[in-house]
Structure formats: structure tokens, C-alpha cells
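Content type mmCIF, C-alpha atoms and all ligand atoms, from the file run-v4.cif:
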data_target
loop_
_atom_site.label_atom_id
_atom_site.label_comp_id
_atom_site.auth_asym_id
_atom_site.auth_seq_id
_atom_site.Cartn_x
_atom_site.Cartn_y
_atom_site.Cartn_z
CA GLU K 1 114.45 83.04 122.29
CA LEU K 2 116.46 84.36 119.32
CA LEU K 3 115.64 83.10 115.83
CA PRO K 4 118.28 82.50 113.16
CA VAL K 5 117.81 83.98 109.67
CA VAL K 6 119.02 82.70 106.31
CA ILE K 7 119.59 85.47 103.76
CA PRO K 8 120.09 84.22 100.19
CA ALA K 9 122.37 86.74 98.46
CA ALA K 10 124.06 84.57 95.85
CA GLY K 11 122.19 85.84 92.78
CA VAL K 12 123.72 87.77 89.90
CA GLY K 13 120.83 90.22 89.41
CA LYS K 14 120.77 90.04 85.59
CA ARG K 15 117.60 92.13 85.26
CA MET K 16 119.37 95.05 86.94
CA GLN K 17 121.82 95.33 84.02
CA ALA K 18 124.47 96.78 86.34
CA ASP K 19 128.24 96.21 86.53
CA ARG K 20 127.88 94.15 89.71
CA PRO K 21 125.30 91.90 91.43
CA LYS K 22 122.39 94.07 92.59
CA GLN K 23 123.00 93.38 96.30
CA TYR K 24 126.17 95.47 96.01
CA LEU K 25 124.56 98.52 94.39
CA SER K 26 124.47 101.69 96.46
CA LEU K 27 121.34 102.45 98.47
CA GLY K 28 121.23 105.25 101.03
CA GLY K 29 124.98 105.36 101.63
CA LYS K 30 125.49 101.60 102.00
CA THR K 31 125.09 98.61 99.74
CA LEU K 32 121.63 97.13 99.23
CA LEU K 33 122.81 94.00 101.09
CA GLU K 34 124.00 96.03 104.09
CA GLN K 35 120.69 97.90 104.25
CA THR K 36 118.77 94.62 104.30
CA LEU K 37 121.06 93.20 106.99
CA ALA K 38 120.71 96.32 109.13
CA GLN K 39 116.89 96.17 108.93
CA ILE K 40 116.82 92.47 109.86
CA ALA K 41 119.49 92.67 112.58
CA LYS K 42 117.78 95.46 114.48
CA HIS K 43 114.74 93.32 115.36
CA PRO K 44 115.24 92.16 118.98
CA SER K 45 114.12 88.56 118.26
CA ILE K 46 116.65 87.98 115.48
CA GLY K 47 119.84 86.16 116.43
CA GLU K 48 122.37 84.60 114.13
CA ILE K 49 122.45 85.53 110.42
CA ILE K 50 123.52 83.06 107.73
CA LEU K 51 124.46 85.00 104.63
CA VAL K 52 124.52 82.86 101.49
CA ILE K 53 127.01 84.26 98.99
CA SER K 54 128.24 82.98 95.63
CA PRO K 55 131.66 81.26 95.85
CA GLU K 56 132.71 83.47 92.90
CA ASP K 57 131.61 86.69 94.60
CA GLU K 58 134.24 89.47 94.36
CA TYR K 59 132.47 92.14 96.39
CA PHE K 60 131.65 90.58 99.77
CA GLY K 61 135.11 91.23 101.21
CA SER K 62 134.77 95.00 100.79
CA LEU K 63 131.62 95.35 102.93
CA LYS K 64 132.28 97.50 105.99
CA THR K 65 129.25 97.33 108.26
CA LEU K 66 128.99 93.57 108.89
CA ASP K 67 128.91 92.36 112.50
CA ALA K 68 131.21 89.33 112.30
CA SER K 69 129.97 88.03 115.66
CA ARG K 70 126.49 87.53 114.18
CA VAL K 71 127.03 86.92 110.46
CA THR K 72 128.32 83.67 108.95
CA ARG K 73 129.12 83.46 105.23
CA VAL K 74 128.03 80.26 103.46
CA ASP K 75 128.54 79.31 99.78
CA GLY K 76 125.41 79.48 97.60
CA GLY K 77 124.10 77.31 94.76
CA THR K 78 122.81 77.62 91.18
CA GLU K 79 119.24 78.72 91.99
CA ARG K 80 117.75 80.56 94.94
CA VAL K 81 116.34 77.30 96.33
CA ASN K 82 119.81 75.69 96.28
CA SER K 83 121.25 78.69 98.12
CA VAL K 84 118.53 78.54 100.78
CA LEU K 85 119.19 74.83 101.26
CA CYS K 86 122.92 75.55 101.79
CA GLY K 87 121.95 78.08 104.47
CA LEU K 88 119.61 75.67 106.25
CA GLN K 89 122.26 72.93 106.22
CA ALA K 90 124.70 75.39 107.80
CA LEU K 91 122.23 75.95 110.65
CA THR K 92 121.87 72.20 111.21
CA ASN K 93 125.68 71.85 111.21
CA LYS K 94 125.85 74.59 113.83
CA GLY K 95 123.65 72.45 116.11
CA TYR K 96 120.20 74.00 115.66
CA GLN K 97 117.43 71.47 116.31
CA ALA K 98 114.80 70.32 113.77
CA ASP K 99 111.99 72.14 115.60
CA GLN K 100 113.85 75.48 115.56
CA TRP K 101 111.88 78.28 113.87
CA VAL K 102 113.96 79.87 111.13
CA LEU K 103 113.37 82.88 108.89
CA VAL K 104 114.41 83.14 105.24
CA HIS K 105 114.64 86.65 103.83
CA ASP K 106 115.76 87.85 100.37
CA ALA K 107 118.84 90.08 100.38
CA ALA K 108 117.00 92.09 97.71
CA ARG K 109 114.24 93.25 100.14
CA PRO K 110 115.76 96.11 102.16
CA CYS K 111 112.44 97.76 103.12
CA ILE K 112 111.40 95.10 105.62
CA THR K 113 110.00 96.69 108.78
CA THR K 114 110.19 95.62 112.42
CA ALA K 115 106.37 95.65 112.50
CA ASP K 116 106.14 93.15 109.62
CA ILE K 117 108.67 90.82 111.27
CA GLU K 118 106.61 91.09 114.47
CA SER K 119 103.40 90.04 112.63
CA LEU K 120 105.17 87.01 111.16
CA LEU K 121 106.70 85.92 114.49
CA ALA K 122 103.26 86.11 116.15
CA ILE K 123 101.96 83.06 114.23
CA ARG K 124 104.25 80.76 116.24
CA GLU K 125 101.36 80.66 118.74
CA GLN K 126 98.97 79.35 116.06
CA ALA K 127 98.44 75.94 114.46
CA TYR K 128 100.41 76.44 111.26
CA ALA K 129 103.54 74.79 109.88
CA GLY K 130 104.74 78.34 109.31
CA GLY K 131 103.90 81.50 107.47
CA ILE K 132 104.92 84.08 104.94
CA LEU K 133 104.48 87.82 104.59
CA ALA K 134 102.13 88.58 101.71
CA PHE K 135 99.53 91.08 100.53
CA PRO K 136 96.37 90.72 98.44
CA VAL K 137 96.51 91.39 94.70
CA ARG K 138 94.83 94.71 93.84
CA ASP K 139 94.91 94.82 90.03
CA THR K 140 92.67 92.83 87.71
CA MET K 141 94.66 89.70 86.79
CA LYS K 142 94.89 88.44 83.19
CA GLN K 143 96.12 85.06 82.00
CA ALA K 144 97.89 85.22 78.62
CA ARG K 145 97.39 82.65 75.86
CA HIS K 146 101.13 82.19 75.51
CA ASN K 147 104.40 83.87 76.44
CA SER K 148 105.32 85.69 73.23
CA GLY K 149 103.15 88.48 71.83
CA PRO K 150 100.64 87.90 74.57
CA SER K 151 96.94 88.24 74.07
CA ILE K 152 94.43 87.55 76.83
CA ASP K 153 93.08 84.07 77.39
CA THR K 154 91.03 84.87 80.45
CA THR K 155 90.61 87.01 83.56
CA VAL K 156 91.72 85.22 86.72
CA PRO K 157 89.54 85.84 89.78
CA ARG K 158 91.74 87.86 92.11
CA GLU K 159 89.86 87.34 95.39
CA LEU K 160 92.15 84.43 96.30
CA LEU K 161 95.42 85.85 94.93
CA TRP K 162 98.23 87.22 97.12
CA HIS K 163 101.74 88.51 96.42
CA ALA K 164 104.27 86.33 98.27
CA LEU K 165 107.01 88.29 100.07
CA THR K 166 109.76 87.42 102.53
CA PRO K 167 110.61 86.80 105.33
CA GLN K 168 109.06 83.35 105.38
CA MET K 169 109.19 81.34 108.61
CA PHE K 170 109.19 77.58 109.09
CA ARG K 171 110.75 74.95 111.33
CA LEU K 172 114.29 74.05 110.27
CA GLY K 173 113.70 70.28 109.92
CA GLU K 174 110.40 70.48 108.04
CA LEU K 175 111.65 73.17 105.66
CA THR K 176 114.90 71.33 104.89
CA GLN K 177 112.96 68.12 104.22
CA ALA K 178 110.36 69.90 102.06
CA ILE K 179 113.02 71.54 99.90
CA GLU K 180 114.96 68.28 99.47
CA GLN K 181 111.74 66.47 98.49
CA GLY K 182 110.64 69.26 96.14
CA LEU K 183 114.00 69.22 94.38
CA ALA K 184 113.89 65.42 94.09
CA ASP K 185 110.36 65.63 92.60
CA GLY K 186 111.29 68.40 90.16
CA HIS K 187 108.61 70.59 91.77
CA PRO K 188 109.13 74.31 91.03
CA ILE K 189 110.32 76.02 94.24
CA THR K 190 110.43 79.80 93.92
CA ASP K 191 109.94 80.45 97.62
CA GLU K 192 110.05 78.39 100.82
CA ALA K 193 106.26 78.13 101.02
CA SER K 194 106.06 76.43 97.61
CA ALA K 195 108.14 73.54 98.99
CA MET K 196 105.99 73.36 102.14
CA GLU K 197 102.73 73.44 100.12
CA HIS K 198 104.03 70.59 97.98
CA MET K 199 104.35 68.53 101.18
CA GLY K 200 100.76 69.38 102.15
CA HIS K 201 101.69 71.65 105.06
CA ASN K 202 99.33 74.41 106.16
CA VAL K 203 101.05 77.77 105.60
CA LYS K 204 99.65 81.04 106.94
CA LEU K 205 99.42 84.18 104.78
CA VAL K 206 100.43 87.04 107.07
CA ASN K 207 99.34 90.48 105.86
CA GLY K 208 102.49 92.51 105.28
CA SER K 209 103.35 95.88 103.80
CA PRO K 210 103.38 96.20 99.98
CA THR K 211 106.38 98.51 100.41
CA ASN K 212 108.53 95.42 101.20
CA ILE K 213 109.53 95.28 97.52
CA LYS K 214 112.11 93.01 95.93
CA VAL K 215 114.64 95.23 94.19
CA THR K 216 114.82 93.81 90.66
CA THR K 217 115.15 96.68 88.17
CA PRO K 218 116.91 100.09 88.36
CA SER K 219 113.63 101.91 89.12
CA ASP K 220 113.09 99.59 92.11
CA LEU K 221 116.32 100.95 93.59
CA ASP K 222 114.91 104.50 93.56
CA LEU K 223 111.66 103.28 95.06
CA ALA K 224 113.51 101.40 97.82
CA ALA K 225 115.53 104.53 98.63
CA PHE K 226 112.26 106.46 98.95
CA TYR K 227 110.65 103.86 101.25
CA LEU K 228 113.79 103.57 103.41
CA THR K 229 113.87 107.32 103.94
CA ALA K 230 110.18 107.29 104.81
CA MET K 231 110.73 104.40 107.28
CA GLN K 232 113.52 106.28 109.05
CA ALA K 233 111.58 109.56 109.25
O1 LIG I 1 116.71 86.93 91.41
P1 LIG I 1 115.79 87.15 92.56
O2 LIG I 1 115.64 88.62 92.90
O3 LIG I 1 114.49 86.45 92.47
O4 LIG I 1 116.56 86.51 93.81
C1 LIG I 1 115.99 86.56 95.11
C2 LIG I 1 117.10 86.40 96.14
O5 LIG I 1 117.72 85.13 96.01
C3 LIG I 1 118.20 87.45 95.96
O6 LIG I 1 118.51 87.96 97.26
C4 LIG I 1 119.33 86.66 95.34
O7 LIG I 1 120.61 87.15 95.68
C5 LIG I 1 119.12 85.26 95.91
N1 LIG I 1 119.69 84.18 95.07
C6 LIG I 1 120.60 83.28 95.63
N2 LIG I 1 121.17 82.28 94.87
C7 LIG I 1 120.85 82.17 93.57
C8 LIG I 1 119.92 83.07 92.98
C9 LIG I 1 119.34 84.06 93.75
O8 LIG I 1 120.91 83.39 96.83
N3 LIG I 1 121.44 81.20 92.86
#

Output the file's structure in the form of C-alpha cells.
Amino acid sequence: ELLPVVIPAAGVGKRMQADRPKQYLSLGGKTLLEQTLAQIAKHPSIGEIILVISPEDEYFGSLKTLDASRVTRVDGGTERVNSVLCGLQALTNKGYQADQWVLVHDAARPCITTADIESLLAIREQAYAGGILAFPVRDTMKQARHNSGPSIDTTVPRELLWHALTPQMFRLGELTQAIEQGLADGHPITDEASAMEHMGHNVKLVNGSPTNIKVTTPSDLDLAAFYLTAMQA
């Protein structure tokens, strides 16, 4: 059975301070977006790819390596969560059923490995509403008193803290419903799991590789290039 993937790529990448959205910056001879797509598409269990792109996007048309038989472009929304919802609705419109497992993966995470996708897919056999790739926090965690000129309020116990990554995998119907409810409630939704948690669903933390970074700043781009080379060696 092939699983569909939604890839939100409708952000502007302000923190990159580049002349174009970060997904179109050059990484290893392709764009960042094309690298991410290539990594995702090569997993044998991945089927259709819904690529969520801003309606104002000027760069998408110049991409060269897209497989049009697998990739569908869908218009994105104002925040990541809105873009993901657009992608999920596209899958429903294409006839996917509510119990269909679906992956959501950030366009900005090109260093996703086949092994990590495999670990995530394996939880379909277990009693969870879905799961996310993640890894345990290693540094000592401090909570600031306030945002500006921060001084420390307290040290947060790190034993229970994980970094949330993507892909995240849930059933199409439950995830769509959770996001719609979260938006209606004004609940902050920064990843798919946060919407599912809000609904009380049990979400599995799947140990993934810390090298699956989200490219956010210029130095992340260099790091991603390094990891990609290492992955292909
Ligand atoms: O900005 P950030 O790196 O957190 O965005 C994560 C992912 O969500 C990126 O791949 C970005 O393109 C996407 N996004 C989106 N629609 C938005 C904002 C972000 O698809 N409105």
C-alpha cells in the first residue's frame, strides 16, 4: 500500500534573509525543495505527493526535476497549519478515505532518511492514533522570565522533553478534523501532533535522527549540504 504525503512549502523563509523563499535556495546542485522531494519520493512506500505552494510563488514553474505523474500542486494558506489543511483537503477531494494513513513533511527538511521513514511507518501496527519523528533534548533547558533581555526563571527538567521533527503520520480523517477543531478553538498548532494532542489522541514519539534538521538560517544550509553528502556516501 502506497501512502500519500503532504509537503507544506508555502512559507516565505524570512529568517533566511535571502532574495527568495528558502525552499528555492541552492543545495547540492538542486533547490532545497527538490532535494526534499527526491529524499521522500525514493522511499518505496511513498505514493502521491501533494506539494503546497503559495499562490503568489514565482519560482515553482522553473523547477526541473519534478515528476508530474506523482506531484500535485495545491495553493497554501497564511500559516503552516493552513497550508497543511489545504493539502489534506486535496487528498480528500482526490478520493482518499478517512482511515488512510498520510504523512506530512516540511519542505525545509531535506536530510530525511529512508531509515527514519521506515521507523515511522512501522507504528501502523501499534495502538496509536499516529506518530512523529523526534529525538530527546540533550542540553540543559532554561525557562526565561520574559522574552526581551532574558534572564533565567527556572531550569526545566529535560527527561521528558523531545524535539519534534517531521514527517508526522496520522489518519487523514482524524488529522483533518483535529486541525479544523484546533483552528476553531484558537489552539496553537505548530505541528500536526499539536492538533492531535488537543483532541486527546495518543501520539507516538518515534526516535529519529537529529540530522533531520529544518533549514531555517543560512548556516543550516551549509549543515544540510554536509549531511546530504554524508548520506549519499
Ligand atoms: O517557517 P518554517 O520553517 O517553520 O516552516 C515550516 C514549513 O512550512 C516550510 O516547509 C514552509 O514552507 C511551510 N509553510 C507553509 N505555509 C506557510 C508557512 C510555512 O507551507 N504559510

Test item: axis-aligned box, all listed atoms of region 91-106 of chain K, 5 Å on each side, centre and edges in Å rounded to one decimal, as lines of an AutoDock Vina configuration file:
center_x = 118.9
center_y = 79.1
center_z = 108.3
size_x = 24.0
size_y = 27.5
size_z = 25.9

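Atom pair CA of Met231 (chain K) / CA of Ile112 (chain K) has a distance of 9.5 Å (rounded to one decimal).
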
Q: Write out as a PyMOL selection string each polymer residue (protein, DNA or RNA) that has an atom no more than 8 Å from ligand LIG 1 (chain I), with all atoms listed in the file counted.
A: chain K and resi 7-14+21-23+52-54+76-84+105-109+190+214-216

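Going from CA of Val71 (chain K) to CA of Leu51 (chain K) covers 6.7 Å.
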
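Of the listed residues K:Leu228, K:Asp191, K:Arg15, K:Thr92, the one whose atoms come nearest to Lys30 (chain K) is K:Leu228, with distances taken using all atoms listed in the file.
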
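Using all atoms listed in the file, the smallest distance between any of K:Ala115, K:Leu63, K:Ala90, K:Ala224 and Tyr24 (chain K) comes from K:Leu63.
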